[in-house]
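These notes concern the structure reproduced below.
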Amino acid sequence: MTVIGYGLAVIGAGIGVGLSAFGGATATARQPEMQPKIFTTFILGAAFSEALALIGLVLALISA
Amino acid sequence: MESGPLAGLSHHIEELLADLGGMDIIDFGWGSITTYSVWLLIVLVLVFALIWVVKSRVSLIPKKGPTAAIEATVDYIRKEVGFGVLGHKEAVDKHMPFLFTVFFFVLGANLVGLIPGAKAATGTFSVTLTLALVCFVYFNYYGIKHSGLWIYIKNLCPQGIYPGLNIMVWLIELLSLFLRIVTLSVRLFANMYAGHIVIGAFAILTTLFIFPEINASSLGPLSLGTAPASIAWMLLLVAMYGMELLVVFIQAYVFTLLTAVYIQMATSEH
């Protein structure tokens with residue numbers, strides 16, 4: 001059950017990371033010279049949405 | 001019990017997990033020196049020696065080889081993390097030594113873990129939790145030093161929120177402040193641990209599919225048996241290894257970047 005719960009938690013984080021990658025790719029295509037700044041922003045966005053999945057992982061581990 | 005090459009898989013996976021758990025070398029009772037501690041010390045010595053040598057070789061005329069590689073890395077981190085996140089020059093000069101220490105330690109530990117037989121110190125939760133705690137204490141110390149204890153605690157909640165509601169926002173912000181320890185440490189640990197499990201599982205599958213063919217006495221030239229499957233697993237293993245090489249750098253970078261962001265958040269005026 002905890003694994004199913006973790007899977008559910010990861011859906012949102014997956015959407016979040018995908019959206020930030022989408023935004024990063026689009027922005028880089030529009031303005032390639034801004035690539036380093038955009039990469040930093042992408043990493044930050046991905047890290048913050050990934051954090052939700054990590055909290056889910058911790059909850060799954062401690063309730064297993 | 002199923003037969004065929006996959007019969008021993010779960011047993012081997014259990015062995016792999018036990019191996020990743022580490023092994024006690026000296027047990028004190030209250031704690032023990034594990035294989036991970038030894039690799040941690042090796043990484044510390046290696047990184048220290050490497051940086052020491054590179055430092056003595058730095059000159060105005062660009063060098064080649066490892067010196068140039070480390071100089072380029074330092075330059076990149078200084079530009080992207082330092083000036084990109086921290087902003088002005090005093091903050092960069094003040095916090096960069098700490099951030100570089102964290103970066104090179106995490107990178108070194110991650111890279112050593114990719115050597116077959118070696119263990120990544122960052123693949124244990126204790127090490128990453130300690131690292132995250134050090135970063136937590138560091139940015140809180142500088143936040144409190146910057147604006148004073150009371151104002152720092154008060155400023156966890158953004159200004160301009162209605163009274164009553166701001167207490168709730170403050171509580172949520174306090175929770176998210178402490179969750180930073182968890183997310184920083186678990187992100188690094190989970191990435192390294194999961195990466196090692198995946199690489200290990202593919203290596204196990206490669207051997208499981210090739211051993212019956214080596215042991216079989218009657219192997220005709222036309223019957224390769226499960227050997228092609230083994231080669232396919234091997235190719236996947238190499239691909240995953242390349243992927244892990246990428247993850248190693250990205251995770252070290254992410255750890256440093258997030259620490260810099262937290263320092264910036266703690267020391268900026270609200």
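By convention in this document, the chains of the structure tokens carry letters A, B, ... by their order, each chain's residues are numbered from 1, and ligands are numbered from 1 in the order they are shown.
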Item to check | Residue set, region 49-263 of chain B restricted to helix (DSSP H, G or I), as a PyMOL selection string | outcome: chain B and resi 49-57+66-86+89-113+121-123+125-147+149-154+165-215+227-263
Where does chain B meet chain A within 10 Å, residue by residue, with the nearest atom pair and distance in Å to one decimal for each, counting only C-alpha atoms, listed by chain and rising number, as a Markdown table?
| residue | atom | partner | partner_atom | distance |
| --- | --- | --- | --- | --- |
| B:Tyr76 | CA | A:Pro36 | CA | 9.7 |
| B:Lys79 | CA | A:Pro36 | CA | 9.6 |
| B:Glu80 | CA | A:Pro36 | CA | 7.2 |
| B:Val81 | CA | A:Thr40 | CA | 8.3 |
| B:Gly84 | CA | A:Lys37 | CA | 7.4 |
| B:Val85 | CA | A:Thr40 | CA | 8.9 |
| B:Leu179 | CA | A:Ile55 | CA | 8.6 |
| B:Arg180 | CA | A:Ala51 | CA | 8.8 |
| B:Val182 | CA | A:Ile55 | CA | 7.8 |
| B:Thr183 | CA | A:Ala51 | CA | 5.6 |
| B:Leu184 | CA | A:Ala51 | CA | 8.4 |
| B:Ser185 | CA | A:Leu54 | CA | 9.8 |
| B:Val186 | CA | A:Leu54 | CA | 6.7 |
| B:Arg187 | CA | A:Leu54 | CA | 6.7 |
| B:Ala190 | CA | A:Leu54 | CA | 8.3 |
| B:Ile250 | CA | A:Ile43 | CA | 9.0 |
| B:Tyr253 | CA | A:Ile43 | CA | 9.3 |
| B:Val254 | CA | A:Ile43 | CA | 7.0 |
| B:Phe255 | CA | A:Ala47 | CA | 9.5 |
| B:Leu257 | CA | A:Leu44 | CA | 8.0 |
| B:Leu258 | CA | A:Leu44 | CA | 7.4 |
| B:Val261 | CA | A:Leu44 | CA | 9.0 |
Checklist entry - From the set B:Val38, B:Ala69, B:Phe83, B:Phe98, which residue has the shortest atom-to-atom contact distance to Tyr138 (chain B), counting only C-alpha atoms? => result B:Phe98
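Taking CA of Phe104 (chain B) and CA of Ile51 (chain B) as endpoints, the distance between them is 9.1 Å.
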Checklist entry - Within 7 Å of Val169 (chain B), counting only C-alpha atoms, which residues qualify if same-chain residues fewer than 4 places away don't, as a PyMOL selection string? => result chain B and resi 157+165+173
Output for the residues just chosen: C-alpha atoms as a PDB file, in the first residue's frame:
ATOM      1  CA  CYS B 157       6.762  35.018   7.414  1.00  0.00           C
ATOM      2  CA  LEU B 165      -3.293  34.584   8.932  1.00  0.00           C
ATOM      3  CA  GLU B 173       7.372  28.524   6.741  1.00  0.00           C
TER       4      GLU B 173
END
Item to check | Long-range neighbours of Ile231 (chain B) as an NGL selection string, 12 Å cut-off, only C-alpha atoms, 6 positions minimum in chain | outcome: :B and (202-203 or 205-210 or 224-225 or 237-238)
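Compared by their closest atoms to Gly123 (chain B), and using only C-alpha atoms, the residues B:Gly148, B:Gly22, B:Gly143, B:Gly242 rank with B:Gly22 nearest.
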Checklist entry - Which of these residues is nearest to Gly113 (chain B), using only C-alpha atoms: B:Ile197, B:Met192, B:Leu9, B:Ala132? => result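 Between B:Ile197, B:Met192, B:Leu9, B:Ala132, the residue approaching Gly113 (chain B) most closely is B:Met192.
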